[in-house]
>>> print(open('target.cif').read())   # mmCIF, C-alpha atoms
data_start
loop_
_atom_site.label_atom_id
_atom_site.label_comp_id
_atom_site.auth_asym_id
_atom_site.auth_seq_id
_atom_site.Cartn_x
_atom_site.Cartn_y
_atom_site.Cartn_z
CA MET G 1 32.79 -56.98 51.57
CA LYS G 2 32.46 -53.35 52.58
CA THR G 3 33.33 -52.23 49.03
CA LYS G 4 30.74 -54.58 47.53
CA GLY G 5 28.15 -53.24 49.98
CA CYS G 6 28.88 -49.66 48.92
CA ILE G 7 28.61 -50.60 45.24
CA ALA G 8 25.31 -52.37 45.88
CA ALA G 9 23.96 -49.38 47.79
CA LEU G 10 25.03 -47.05 44.99
CA GLY G 11 23.27 -49.30 42.47
CA LEU G 12 20.05 -49.13 44.47
CA LEU G 13 20.32 -45.35 44.69
CA MET G 14 20.82 -45.05 40.94
CA ALA G 15 17.88 -47.36 40.27
CA ALA G 16 15.65 -45.29 42.53
CA SER G 17 16.73 -42.11 40.76
CA ALA G 18 16.00 -43.66 37.37
CA GLN G 19 12.51 -44.65 38.44
CA ALA G 20 11.82 -41.08 39.59
CA ALA G 21 12.40 -39.62 36.12
CA THR G 22 9.51 -38.47 33.97
CA THR G 23 8.23 -41.35 31.88
CA GLY G 24 5.03 -42.16 30.05
CA ARG G 25 3.18 -41.62 26.81
CA VAL G 26 0.30 -39.93 25.09
CA ILE G 27 -1.65 -41.89 22.46
CA VAL G 28 -3.95 -39.91 20.19
CA ASP G 29 -6.38 -40.86 17.43
CA GLN G 30 -7.36 -37.50 15.96
CA VAL G 31 -10.26 -37.40 13.54
CA ALA G 32 -10.04 -35.24 10.42
CA LYS G 33 -11.39 -31.70 10.86
CA PRO G 34 -11.54 -30.03 7.42
CA SER G 35 -12.93 -26.78 8.88
CA ARG G 36 -9.68 -26.41 10.85
CA GLN G 37 -7.51 -27.88 8.10
CA LEU G 38 -6.60 -30.86 10.30
CA GLU G 39 -6.08 -34.31 8.84
CA ALA G 40 -6.70 -37.62 10.59
CA VAL G 41 -3.65 -38.45 12.72
CA ARG G 42 -2.82 -41.42 14.92
CA THR G 43 0.32 -40.91 17.00
CA GLU G 44 2.11 -41.88 20.19
CA LEU G 45 4.35 -39.48 22.08
CA LYS G 46 6.93 -40.83 24.52
CA LEU G 47 7.69 -38.20 27.17
CA THR G 48 10.81 -38.19 29.34
CA GLN G 49 11.32 -34.69 30.79
CA ALA G 50 9.13 -31.97 32.25
CA VAL G 51 9.15 -28.48 33.76
CA ALA G 52 6.43 -27.09 36.05
CA TYR G 53 5.68 -23.39 36.42
CA PRO G 54 2.94 -21.14 37.88
CA ARG G 55 0.29 -20.00 35.43
CA SER G 56 -2.36 -17.33 35.88
CA TRP G 57 -5.88 -18.59 36.51
CA VAL G 58 -9.20 -17.01 37.48
CA ASN G 59 -9.75 -14.49 40.29
CA ASP G 60 -6.09 -13.43 40.47
CA GLU G 61 -5.08 -16.98 41.36
CA SER G 62 -2.49 -19.26 39.82
CA ARG G 63 -2.16 -22.97 39.18
CA TRP G 64 0.72 -25.30 38.44
CA ALA G 65 1.20 -25.94 34.73
CA VAL G 66 3.40 -28.77 33.43
CA PHE G 67 5.11 -29.00 30.05
CA ALA G 68 6.35 -32.52 29.23
CA VAL G 69 8.44 -33.35 26.15
CA PRO G 70 10.47 -36.21 24.66
CA ALA G 71 14.20 -36.65 25.21
CA GLY G 72 16.32 -34.33 23.13
CA VAL G 73 14.00 -31.31 23.31
CA ASP G 74 15.98 -28.31 24.58
CA LEU G 75 14.16 -26.70 27.52
CA ALA G 76 16.97 -24.29 28.42
CA GLY G 77 14.91 -21.37 27.10
CA LEU G 78 12.00 -22.32 29.33
CA ARG G 79 14.22 -22.57 32.39
CA ALA G 80 15.66 -19.10 31.73
CA ALA G 81 12.40 -17.46 30.65
CA ARG G 82 11.03 -14.53 32.59
CA ASP G 83 7.51 -15.57 31.49
CA PRO G 84 7.42 -19.39 31.18
CA GLU G 85 3.86 -19.52 29.83
CA ALA G 86 4.74 -17.09 27.06
CA TRP G 87 7.81 -19.19 26.17
CA VAL G 88 5.75 -22.40 26.00
CA SER G 89 3.03 -20.71 23.93
CA ARG G 90 5.63 -19.58 21.38
CA HIS G 91 7.49 -22.90 21.41
CA VAL G 92 4.46 -25.08 20.61
CA GLN G 93 3.70 -23.01 17.51
CA GLY G 94 6.84 -24.37 15.86
CA ASP G 95 6.52 -26.99 13.14
CA ASP G 96 8.82 -29.36 15.08
CA ALA G 97 7.22 -28.88 18.51
CA ILE G 98 6.30 -32.07 20.39
CA GLY G 99 4.85 -32.12 23.88
CA LEU G 100 2.02 -32.27 26.37
CA ARG G 101 1.01 -29.33 28.52
CA PHE G 102 -1.57 -29.41 31.25
CA MET G 103 -2.66 -27.46 34.33
CA ILE G 104 -3.54 -28.93 37.73
CA ASP G 105 -6.18 -27.82 40.24
CA PRO G 106 -5.44 -28.19 43.97
CA ASP G 107 -7.51 -31.41 44.11
CA GLY G 108 -5.50 -32.97 41.28
CA SER G 109 -8.00 -32.37 38.47
CA ALA G 110 -6.39 -31.59 35.14
CA VAL G 111 -8.26 -28.41 34.16
CA GLU G 112 -6.44 -27.85 30.86
CA MET G 113 -4.69 -30.21 28.45
CA TYR G 114 -3.10 -29.71 25.04
CA VAL G 115 -1.18 -32.15 22.83
CA HIS G 116 1.32 -30.98 20.20
CA ASP G 117 3.07 -33.07 17.55
CA ARG G 118 4.97 -31.19 14.83
CA GLY G 119 2.00 -29.09 13.83
CA LYS G 120 -0.15 -32.13 13.00
CA LEU G 121 -2.11 -32.07 16.24
CA GLN G 122 -4.09 -29.21 17.68
CA LEU G 123 -5.90 -31.19 20.33
CA GLY G 124 -6.87 -29.91 23.73
CA ALA G 125 -9.41 -28.10 25.86
CA SER G 126 -10.13 -26.70 29.29
CA GLY G 127 -12.44 -28.44 31.74
CA THR G 128 -12.03 -31.83 33.36
CA MET G 129 -9.30 -33.47 31.30
CA GLY G 130 -8.45 -36.49 33.45
CA HIS G 131 -6.81 -36.56 36.84
CA VAL G 132 -3.38 -36.27 38.39
CA HIS G 133 -2.97 -38.83 41.16
CA ALA G 134 -0.85 -37.92 44.19
CA PRO G 135 0.34 -34.49 42.97
CA ARG G 136 2.91 -33.09 45.40
CA ILE G 137 5.79 -30.67 45.75
CA GLU G 138 8.94 -32.37 46.98
CA GLY G 139 11.96 -30.11 47.19
CA ASN G 140 12.24 -28.32 43.87
CA ARG G 141 10.15 -30.92 42.00
CA LEU G 142 6.47 -31.39 41.19
CA ARG G 143 5.58 -35.06 41.03
CA GLY G 144 2.43 -36.96 40.16
CA HIS G 145 0.77 -39.49 37.84
CA TYR G 146 -1.45 -37.99 35.14
CA LEU G 147 -4.08 -40.33 33.68
CA SER G 148 -6.82 -39.71 31.18
CA PHE G 149 -8.95 -42.02 29.05
CA THR G 150 -11.18 -39.72 27.04
CA ASP G 151 -12.87 -38.76 23.82
CA LEU G 152 -12.31 -35.12 22.89
CA PHE G 153 -14.43 -33.67 20.08
CA GLY G 154 -14.47 -37.10 18.41
CA SER G 155 -10.74 -37.72 18.90
CA SER G 156 -9.57 -40.42 21.31
CA VAL G 157 -6.82 -39.76 23.85
CA VAL G 158 -4.92 -41.93 26.33
CA ILE G 159 -2.53 -40.19 28.73
CA ASP G 160 -0.40 -42.21 31.13
CA LEU G 161 2.41 -40.04 32.48
CA ALA G 162 4.39 -40.40 35.71
CA PHE G 163 6.07 -37.00 35.83
CA ASP G 164 8.92 -35.66 37.92
CA ALA G 165 9.02 -32.03 36.82
CA GLU G 166 11.64 -29.54 37.89
CA LEU G 167 10.15 -26.30 39.19
CA TRP G 168 10.84 -23.22 37.11
CA GLN G 169 12.77 -20.60 39.06
CA ALA G 170 12.05 -16.92 38.43
CA PRO G 171 15.14 -15.07 37.14
CA ARG G 172 16.69 -12.54 39.49
CA ALA G 173 15.46 -8.99 39.10
CA THR G 174 16.64 -5.54 40.19
CA PRO G 175 14.00 -3.11 41.49
CA LEU G 176 13.50 -0.06 39.29
CA PRO G 177 13.34 3.41 40.87
CA ALA G 178 9.90 4.78 41.71
CA ASP G 179 9.67 6.62 38.37
CA GLY G 180 10.74 3.54 36.39
CA GLY G 181 14.08 5.03 35.35
CA ALA G 182 14.90 5.03 31.63
CA PRO G 183 12.27 2.37 30.74
CA GLY G 184 9.63 4.42 32.56
CA ALA G 185 10.58 7.61 30.76
CA ALA G 186 10.44 5.83 27.38
CA PHE G 187 6.98 4.45 28.14
CA LEU G 188 5.57 7.82 29.20
CA ALA G 189 6.99 9.42 26.05
CA LEU G 190 5.35 6.74 23.91
CA VAL G 191 1.97 7.22 25.61
CA LYS G 192 2.20 10.97 24.99
CA ALA G 193 3.03 10.36 21.32
CA ILE G 194 0.10 7.96 20.91
CA HIS G 195 -2.45 10.37 22.35
CA ALA G 196 -0.97 13.15 20.19
CA GLY G 197 -1.08 10.97 17.10
CA ASP G 198 2.64 11.58 16.48
CA ARG G 199 3.32 8.88 13.92
CA ALA G 200 7.08 9.47 13.67
CA ALA G 201 7.57 9.31 17.45
CA ILE G 202 5.41 6.20 17.73
CA GLN G 203 7.35 4.42 14.99
CA ALA G 204 10.66 5.40 16.58
CA ALA G 205 9.61 3.72 19.82
CA GLN G 206 8.79 0.38 18.15
CA PRO G 207 11.11 -2.68 18.22
CA ARG G 208 13.38 -2.93 15.18
CA ASP G 209 11.76 -6.14 13.95
CA ARG G 210 8.25 -4.65 13.98
CA PRO G 211 7.27 -3.52 10.46
CA ALA G 212 6.17 0.05 9.83
CA LEU G 213 2.43 0.66 9.43
CA ASP G 214 1.04 1.59 6.04
CA GLU G 215 -1.58 4.32 5.71
CA GLU G 216 -4.53 1.96 6.01
CA ASP G 217 -3.19 0.19 9.11
CA TRP G 218 -2.21 3.49 10.71
CA ALA G 219 -5.74 4.90 10.30
CA ARG G 220 -7.24 1.71 11.66
CA LEU G 221 -4.90 1.07 14.60
CA LEU G 222 -4.28 4.56 16.00
CA PRO G 223 -7.75 4.89 17.60
CA ARG G 224 -7.33 1.42 19.09
CA MET G 225 -3.92 2.30 20.57
CA GLN G 226 -5.32 5.52 22.00
CA ALA G 227 -8.21 3.65 23.62
CA MET G 228 -5.93 1.02 25.15
CA MET G 229 -3.26 3.32 26.56
CA PRO G 230 -3.78 4.97 29.99
CA LYS G 231 -4.90 8.58 29.82
CA GLN G 232 -2.94 9.82 32.85
CA PRO G 233 -0.27 7.19 33.47
CA LYS G 234 2.02 7.17 36.46
CA ILE G 235 4.92 4.82 36.93
CA ALA G 236 5.06 3.05 40.30
CA GLY G 237 8.39 1.28 39.95
CA GLY G 238 8.89 -2.15 38.48
CA LYS G 239 11.61 -4.74 37.90
CA LEU G 240 14.66 -4.86 35.68
CA PHE G 241 15.76 -8.17 34.10
CA GLY G 242 18.96 -7.30 32.28
CA ASP G 243 17.82 -5.88 28.93
CA SER G 244 14.11 -6.12 29.70
CA ALA G 245 11.93 -4.38 32.27
CA ILE G 246 8.41 -4.72 33.62
CA LEU G 247 6.83 -1.42 34.69
CA SER G 248 4.13 -1.11 37.31
CA ILE G 249 1.62 1.47 36.10
CA THR G 250 -1.31 3.31 37.60
CA ASP G 251 -3.79 5.54 35.77
CA ALA G 252 -5.37 8.53 37.49
CA GLY G 253 -8.50 7.92 35.45
CA SER G 254 -8.83 4.23 36.33
CA LYS G 255 -8.55 2.01 39.38
CA GLU G 256 -7.37 -0.95 37.30
CA PRO G 257 -3.71 -1.98 37.65
CA ALA G 258 -1.57 -2.15 34.54
CA SER G 259 1.95 -3.00 33.44
CA ALA G 260 4.21 -2.70 30.43
CA GLU G 261 7.10 -4.82 29.21
CA MET G 262 10.01 -2.79 27.80
CA ALA G 263 13.13 -4.02 26.00
CA ARG G 264 16.49 -2.30 25.59
CA GLU G 265 17.72 -1.95 22.01
CA GLY G 266 21.08 -0.21 22.06
CA GLU G 267 20.59 3.15 23.78
CA ARG G 268 16.79 3.17 23.64
CA TRP G 269 13.91 1.36 25.37
CA VAL G 270 10.99 0.10 23.28
CA LEU G 271 7.57 -1.25 24.19
CA VAL G 272 7.10 -4.99 23.74
CA ARG G 273 3.59 -5.27 25.15
CA SER G 274 1.31 -3.62 27.67
CA THR G 275 -1.30 -5.18 29.95
CA SER G 276 -4.35 -3.67 31.60
CA GLY G 277 -6.17 -5.20 34.54
CA ALA G 278 -3.08 -6.82 36.04
CA ASP G 279 0.32 -5.69 37.31
CA ARG G 280 2.73 -8.19 35.75
CA SER G 281 5.68 -6.65 37.60
CA ALA G 282 4.39 -8.15 40.83
CA GLY G 283 4.74 -11.70 39.51
CA LEU G 284 2.21 -14.47 39.95
CA PRO G 285 1.11 -15.56 43.41
CA SER G 286 2.23 -19.02 44.43
CA PRO G 287 -0.26 -21.74 43.43
CA PRO G 288 -2.34 -23.07 46.33
CA ALA G 289 -1.17 -26.20 48.09
CA PHE G 290 -2.56 -29.53 46.92
CA ALA G 291 -5.39 -30.81 49.12
CA ASP G 292 -8.01 -33.59 49.00
CA THR G 293 -6.11 -35.32 46.21
CA GLN G 294 -6.48 -38.94 45.12
CA PRO G 295 -3.65 -41.33 46.02
CA ASP G 296 -1.82 -43.16 43.26
CA LEU G 297 -3.19 -46.65 43.88
CA CYS G 298 -1.60 -47.97 40.68
CA PRO G 299 1.73 -46.19 40.09
CA GLN G 300 2.75 -48.61 37.33
CA LEU G 301 2.46 -47.45 33.74
CA LEU G 302 0.25 -49.22 31.22
CA ARG G 303 1.81 -52.03 29.25
CA GLU G 304 0.63 -55.06 27.28
CA GLY G 305 -1.50 -57.16 29.64
CA VAL G 306 -2.42 -56.16 33.19
CA VAL G 307 -0.80 -53.93 35.79
CA CYS G 308 -1.79 -53.70 39.46
CA GLY G 309 -3.77 -56.92 39.13
CA ASP G 310 -3.58 -57.97 42.79
CA VAL G 311 -7.10 -57.02 43.83
CA SER G 312 -9.82 -58.27 46.14
CA TRP G 313 -13.31 -58.70 44.72
CA LYS G 314 -16.02 -59.17 47.36
CA GLY G 315 -13.62 -60.82 49.74
CA GLU G 316 -11.97 -63.03 47.12
CA ALA G 317 -8.32 -62.33 46.37
CA PHE G 318 -7.43 -62.18 42.69
CA ALA G 319 -4.00 -62.16 41.13
CA ILE G 320 -5.12 -61.01 37.70
CA ARG G 321 -2.36 -61.27 35.12
CA HIS G 322 -4.09 -61.76 31.77
CA VAL G 323 -6.64 -59.93 29.63
CA LEU G 324 -8.70 -60.75 26.55
CA ALA G 325 -10.66 -58.07 24.68
CA VAL G 326 -13.38 -58.74 22.08
CA GLN G 327 -15.57 -56.43 20.03
CA LEU G 328 -18.96 -58.13 19.72
CA ASP G 329 -20.76 -55.60 17.52
CA ASP G 330 -20.88 -51.90 16.75
CA ALA G 331 -21.91 -51.00 20.29
CA GLN G 332 -20.25 -53.53 22.61
CA HIS G 333 -16.82 -54.66 23.81
CA LEU G 334 -16.10 -57.43 26.29
CA VAL G 335 -12.93 -57.43 28.40
CA LEU G 336 -12.09 -60.56 30.38
CA LEU G 337 -9.57 -60.28 33.23
CA ALA G 338 -8.27 -63.56 34.64
CA PRO G 339 -5.46 -65.01 36.79
CA GLY G 340 -4.27 -67.50 34.18
CA PRO G 341 -3.61 -67.51 30.41
CA LEU G 342 -6.67 -67.24 28.16
CA ASP G 343 -7.17 -69.08 24.87
CA PRO G 344 -8.67 -66.71 22.25
CA ALA G 345 -9.75 -69.70 20.15
CA HIS G 346 -12.46 -70.36 22.75
CA ALA G 347 -13.56 -66.75 23.27
CA HIS G 348 -16.98 -67.57 21.79
CA GLY G 349 -17.76 -69.27 25.09
CA LEU G 350 -18.43 -65.76 26.47
CA TRP G 351 -21.40 -65.05 24.18
CA ASP G 352 -22.44 -68.41 22.73
CA GLU G 353 -24.70 -70.16 25.25
CA ASP G 354 -24.12 -73.49 23.52
CA ALA G 355 -20.32 -73.26 23.83
CA PRO G 356 -18.60 -74.15 27.13
CA VAL G 357 -16.60 -71.35 28.75
CA GLU G 358 -14.11 -73.62 30.56
CA PRO G 359 -11.78 -74.19 27.54
CA LEU G 360 -11.20 -70.43 27.40
CA PHE G 361 -9.33 -70.70 30.72
CA GLY G 362 -7.18 -73.68 29.65
CA LYS G 363 -6.38 -76.01 32.52
CA ALA G 364 -7.11 -73.38 35.19
CA PRO G 365 -10.51 -72.94 36.88
CA ALA G 366 -12.96 -70.58 35.18
CA ARG G 367 -12.30 -67.54 37.35
CA GLY G 368 -12.14 -63.84 36.53
CA LEU G 369 -13.95 -60.57 35.93
CA LEU G 370 -15.84 -59.85 32.71
CA LEU G 371 -16.44 -56.18 31.86
CA ASP G 372 -19.15 -55.12 29.41
CA PHE G 373 -18.10 -51.87 27.67
CA GLY G 374 -20.60 -49.92 25.62
CA GLY G 375 -19.45 -48.32 22.38
CA ALA G 376 -17.51 -49.24 19.25
CA HIS G 377 -14.56 -46.83 19.32
CA GLY G 378 -13.21 -43.89 21.25
CA ALA G 379 -14.01 -43.61 24.95
CA LEU G 380 -15.93 -46.58 26.37
CA SER G 381 -17.57 -47.17 29.74
CA ALA G 382 -18.47 -50.32 31.64
CA GLU G 383 -21.27 -50.03 34.17
CA SER G 384 -21.97 -53.75 34.35
CA GLY G 385 -20.24 -57.09 33.98
CA TYR G 386 -19.81 -60.47 35.62
CA HIS G 387 -17.85 -62.10 38.41
CA ILE G 388 -16.91 -65.55 37.10
CA ASP G 389 -16.48 -68.30 39.68
CA PRO G 390 -15.83 -72.03 38.98
CA GLU G 391 -18.62 -73.01 41.38
CA ALA G 392 -21.18 -70.20 41.07
CA GLY G 393 -20.67 -69.48 37.38
CA PHE G 394 -21.50 -65.96 36.12
CA THR G 395 -22.78 -63.48 38.72
CA GLU G 396 -23.88 -60.14 37.26
CA GLU G 397 -22.26 -57.04 38.75
CA PHE G 398 -23.36 -53.41 38.51
CA MET G 399 -21.85 -49.95 39.09
CA LEU G 400 -18.39 -51.08 38.00
CA ARG G 401 -17.17 -47.68 36.69
CA GLY G 402 -14.75 -49.21 34.22
CA GLN G 403 -13.20 -46.80 31.69
CA ALA G 404 -11.45 -47.58 28.43
CA VAL G 405 -10.41 -46.06 25.12
CA ARG G 406 -10.33 -47.95 21.83
CA ILE G 407 -7.64 -46.71 19.43
CA GLY G 408 -7.01 -48.72 16.29
CA ASP G 409 -6.93 -52.42 17.10
CA ARG G 410 -6.08 -51.89 20.81
CA ILE G 411 -7.98 -51.08 23.97
CA TYR G 412 -6.60 -49.25 27.01
CA GLY G 413 -8.57 -49.27 30.23
CA THR G 414 -8.91 -49.16 33.98
CA LEU G 415 -11.14 -50.74 36.61
CA PRO G 416 -11.41 -49.30 40.12
CA VAL G 417 -12.32 -51.66 42.94
CA SER G 418 -14.52 -49.82 45.42
CA GLU G 419 -16.09 -50.40 48.81
CA THR G 420 -19.37 -48.78 49.78
CA ASP G 421 -20.17 -47.76 53.35
CA ARG G 422 -23.74 -48.99 53.78
CA SER G 423 -24.43 -46.56 56.59
CA THR G 424 -23.54 -43.48 54.55
CA GLY G 425 -23.74 -44.73 50.97
CA GLU G 426 -20.30 -43.30 50.26
CA SER G 427 -18.01 -45.27 47.98
CA LYS G 428 -14.23 -45.41 48.42
CA VAL G 429 -11.78 -46.68 45.80
CA LEU G 430 -9.48 -49.25 47.40
CA GLN G 431 -7.57 -50.60 44.38
CA ILE G 432 -7.15 -49.82 40.69
CA LEU G 433 -6.37 -52.31 37.95
CA ARG G 434 -5.32 -51.25 34.45
CA PHE G 435 -4.94 -53.12 31.18
CA GLU G 436 -3.84 -52.83 27.57
CA ALA G 437 -4.69 -55.45 24.94
CA PRO G 438 -5.30 -56.08 21.25
CA VAL G 439 -8.97 -56.43 20.35
CA LEU G 440 -10.43 -59.51 18.67
CA ASP G 441 -13.20 -58.55 16.27
CA ARG G 442 -15.91 -61.19 16.07
CA ARG G 443 -18.11 -59.14 13.71
#
>>> encode(input="target.cif", output="structure tokens")
Amino acid sequence: MKTKGCIAALGLLMAASAQAATTGRVIVDQVAKPSRQLEAVRTELKLTQAVAYPRSWVNDESRWAVFAVPAGVDLAGLRAARDPEAWVSRHVQGDDAIGLRFMIDPDGSAVEMYVHDRGKLQLGASGTMGHVHAPRIEGNRLRGHYLSFTDLFGSSVVIDLAFDAELWQAPRATPLPADGGAPGAAFLALVKAIHAGDRAAIQAAQPRDRPALDEEDWARLLPRMQAMMPKQPKIAGGKLFGDSAILSITDAGSKEPASAEMAREGERWVLVRSTSGADRSAGLPSPPAFADTQPDLCPQLLREGVVCGDVSWKGEAFAIRHVLAVQLDDAQHLVLLAPGPLDPAHAHGLWDEDAPVEPLFGKAPARGLLLDFGGAHGALSAESGYHIDPEAGFTEEFMLRGQAVRIGDRIYGTLPVSETDRSTGESKVLQILRFEAPVLDRR
């Protein structure tokens, strides 16, 4: 019996570990954008692994960024990268790149979001791009539930991702001497050559894979290089990462910090890039702790039907398990949420006053919530609807705050159940119900 108990306990542990893995999907209906050479694309990405890393933000602050990808995508380069954001930026430019990247504010707001699918999608923006529920750092993981039902520049997006992202770890570095050692000497020599206009010395200090400048480019770029380089540079140390180095630089003629990334090629050090206004050798500050975040009241992922349907509506307990969605016309969708199975053949009872509504509910009482969504496609909103009761009939409800997205012949949505404090007027979300369903078109 003891052995069986151990096996059972191990099974539970493995199940819990499996549930903690990153899982979810992104569904996109991208409209054609000829000006950007983008065709209409409808796609669904299934995401199963993620890495989180600090990313620079405004006012010398940083935020947590997350890069989520399908199974089989090799993230070893990201884990080993000295600059994870630079690695991700290069990776997503590939023709076979698939993934979702987003950045999280301390309150859980997604302040950037970009979707990539083999070069076919270039969809994303900064601003409020949905919300991450219950974001938290646990050990060396960043966990949360990212949800978004939105219309972005005419394209519709559904994001439903429970992520368990490993935290990127900065590679070990060796401090450089105060003068920057060999990388520092190479940088100072390059700056001197640039200000002197020494074309041969400048070309000799370039990486091997960087093509030589022709006469036209040389005449155009030399003044720009001279303007960008410090006039009186001084090295203030830096960090060595094997065959690459980050120099900390000051300029006697400027109070702005600067840095330069150098790479070793054989016996010489070459300039990869330089940065003014920030000292990249210092590394990013740690992102601020999460605070005032929203709890994950519905941790289940969307699926056909209803999830998190055990709700209370004005004191009445509902065990909502079924959903029926109908498009009435070019500006209206109805979504019926009910405890029992619904018969689509009798859906006309919702809008035809001469047709009884009871057959729609089969043998069960006519009980449920009816949401009235405005719009024909893309992001939809429901401010009003009805509470259906077998005795009282249809009671109109307002301020419902339902959200949904219509993509193809399906609708994906959510309904928060709130309670308002009459003394303060503040509303608090107590429960969240979500649904996914095919849409009947009665037009």
>>> atom_distance(input="target.cif", atom1="CA of Val132 (chain G)", atom2="CA of Ile98 (chain G)")
20.9 Å
>>> atom_distance(input="target.cif", atom1="CA of Pro175 (chain G)", atom2="CA of Leu240 (chain G)")
6.1 Å
>>> closest_residue(input="target.cif", among="G:Thr48, G:Ser418, G:Ser56, G:Thr293", to="Gly72 (chain G)", atoms="only C-alpha atoms")
G:Thr48
>>> resolve_selection(input="target.cif", expression="the PyMOL selection byres ((chain G and resi 434) around 8)", output="list in words")
Cys298, Leu302, Val306, Val307, Cys308, Gly309, Tyr412, Gly413, Thr414, Leu415, Ile432, Leu433, Phe435 and Glu436 of chain G
>>> residues_near_point(input="target.cif", point="(-1.1, 1.4, 10.7)", cutoff="12 Å", atoms="only C-alpha atoms", output="ChimeraX atom specification")
/G:197,199-200,202-203,210-225
>>> resolve_selection(input="target.cif", expression="the PyMOL selection byres ((chain G and resi 142) around 10)", output="compact mmCIF listing (two decimals) with C-alpha atoms, keeping the file's coordinate frame")
# COMPACT_ATOMS: atom_id res chain seq x y z
CA ALA G 50 9.13 -31.97 32.25
CA VAL G 51 9.15 -28.48 33.76
CA ALA G 52 6.43 -27.09 36.05
CA TYR G 53 5.68 -23.39 36.42
CA TRP G 64 0.72 -25.30 38.44
CA ALA G 65 1.20 -25.94 34.73
CA VAL G 66 3.40 -28.77 33.43
CA PRO G 135 0.34 -34.49 42.97
CA ARG G 136 2.91 -33.09 45.40
CA ILE G 137 5.79 -30.67 45.75
CA GLU G 138 8.94 -32.37 46.98
CA GLY G 139 11.96 -30.11 47.19
CA ASN G 140 12.24 -28.32 43.87
CA ARG G 141 10.15 -30.92 42.00
CA ARG G 143 5.58 -35.06 41.03
CA GLY G 144 2.43 -36.96 40.16
CA PHE G 163 6.07 -37.00 35.83
CA ASP G 164 8.92 -35.66 37.92
CA ALA G 165 9.02 -32.03 36.82
CA GLU G 166 11.64 -29.54 37.89
CA LEU G 167 10.15 -26.30 39.19
>>> resolve_selection(input="target.cif", expression="the PyMOL selection byres ((chain G and resi 180-190) around 7)", output="CSV table (one decimal) with C-alpha atoms, keeping the file's coordinate frame")
chain,number,residue,atom,x,y,z
G,176,LEU,CA,13.5,-0.1,39.3
G,177,PRO,CA,13.3,3.4,40.9
G,178,ALA,CA,9.9,4.8,41.7
G,179,ASP,CA,9.7,6.6,38.4
G,191,VAL,CA,2.0,7.2,25.6
G,192,LYS,CA,2.2,11.0,25.0
G,193,ALA,CA,3.0,10.4,21.3
G,194,ILE,CA,0.1,8.0,20.9
G,202,ILE,CA,5.4,6.2,17.7
G,205,ALA,CA,9.6,3.7,19.8
G,235,ILE,CA,4.9,4.8,36.9
G,236,ALA,CA,5.1,3.0,40.3
G,237,GLY,CA,8.4,1.3,40.0
G,238,GLY,CA,8.9,-2.2,38.5
G,245,ALA,CA,11.9,-4.4,32.3
G,247,LEU,CA,6.8,-1.4,34.7
G,262,MET,CA,10.0,-2.8,27.8
G,269,TRP,CA,13.9,1.4,25.4
G,271,LEU,CA,7.6,-1.2,24.2
>>> residues_around(input="target.cif", residues="Ala68 (chain G)", least_positions_apart="3", cutoff="6 Å", atoms="all atoms listed in the file", output="short mmCIF file (atom, residue, chain, number, x, y, z; two decimals) with C-alpha atoms, in the frame of the given file")
data_model
loop_
_atom_site.label_atom_id
_atom_site.label_comp_id
_atom_site.auth_asym_id
_atom_site.auth_seq_id
_atom_site.Cartn_x
_atom_site.Cartn_y
_atom_site.Cartn_z
CA GLN G 49 11.32 -34.69 30.79
CA ALA G 50 9.13 -31.97 32.25
CA GLY G 99 4.85 -32.12 23.88
CA LEU G 100 2.02 -32.27 26.37
#
>>> atom_distance(input="target.cif", atom1="CA of Gly368 (chain G)", atom2="CA of Pro341 (chain G)")
11.1 Å
>>> residues_around(input="target.cif", residues="Gly94 (chain G)", least_positions_apart="4", cutoff="10 Å", atoms="only C-alpha atoms", output="PDB file with C-alpha atoms, keeping the file's coordinate frame")
ATOM      1  CA  SER G  89       3.030 -20.710  23.930  1.00  0.00           C
ATOM      2  CA  ARG G  90       5.630 -19.580  21.380  1.00  0.00           C
ATOM      3  CA  ILE G  98       6.300 -32.070  20.390  1.00  0.00           C
ATOM      4  CA  HIS G 116       1.320 -30.980  20.200  1.00  0.00           C
ATOM      5  CA  ASP G 117       3.070 -33.070  17.550  1.00  0.00           C
ATOM      6  CA  ARG G 118       4.970 -31.190  14.830  1.00  0.00           C
ATOM      7  CA  GLY G 119       2.000 -29.090  13.830  1.00  0.00           C
TER       8      GLY G 119
END
>>> residues_around(input="target.cif", residues="Thr128 (chain G)", least_positions_apart="3", cutoff="12 Å", atoms="only C-alpha atoms", output="list in words")
Phe102, Met103, Ile104, Asp105, Asp107, Gly108, Ser109, Ala110, Val111, Glu112, Met113, Gly124, Ala125, His131, Val132, Leu147, Ser148, Phe149, Thr150, Asp151 and Leu152 of chain G
>>> closest_residue(input="target.cif", among="G:Gln206, G:Thr22, G:Gln232, G:Gln300", to="Glu265 (chain G)", atoms="only C-alpha atoms")
G:Gln206
>>> residues_near_point(input="target.cif", point="(-8.5, -38.1, 23.2)", cutoff="9 Å", atoms="all atoms listed in the file", output="list in words")
Ile27, Val28, Asp29, Gln30, Leu123, Gly124, Ser148, Phe149, Thr150, Asp151, Leu152, Phe153, Gly154, Ser155, Ser156, Val157, Val158, Ile159, Gly378, Ala379 and Val405 of chain G
>>> residues_around(input="target.cif", residues="Gly362 (chain G)", least_positions_apart="3", cutoff="12 Å", atoms="only C-alpha atoms", output="list in words")
Ala338, Pro339, Gly340, Pro341, Leu342, Asp343, Pro344, Ala345, His346, Ala347, Pro356, Val357, Glu358, Pro359, Pro365, Ala366 and Arg367 of chain G
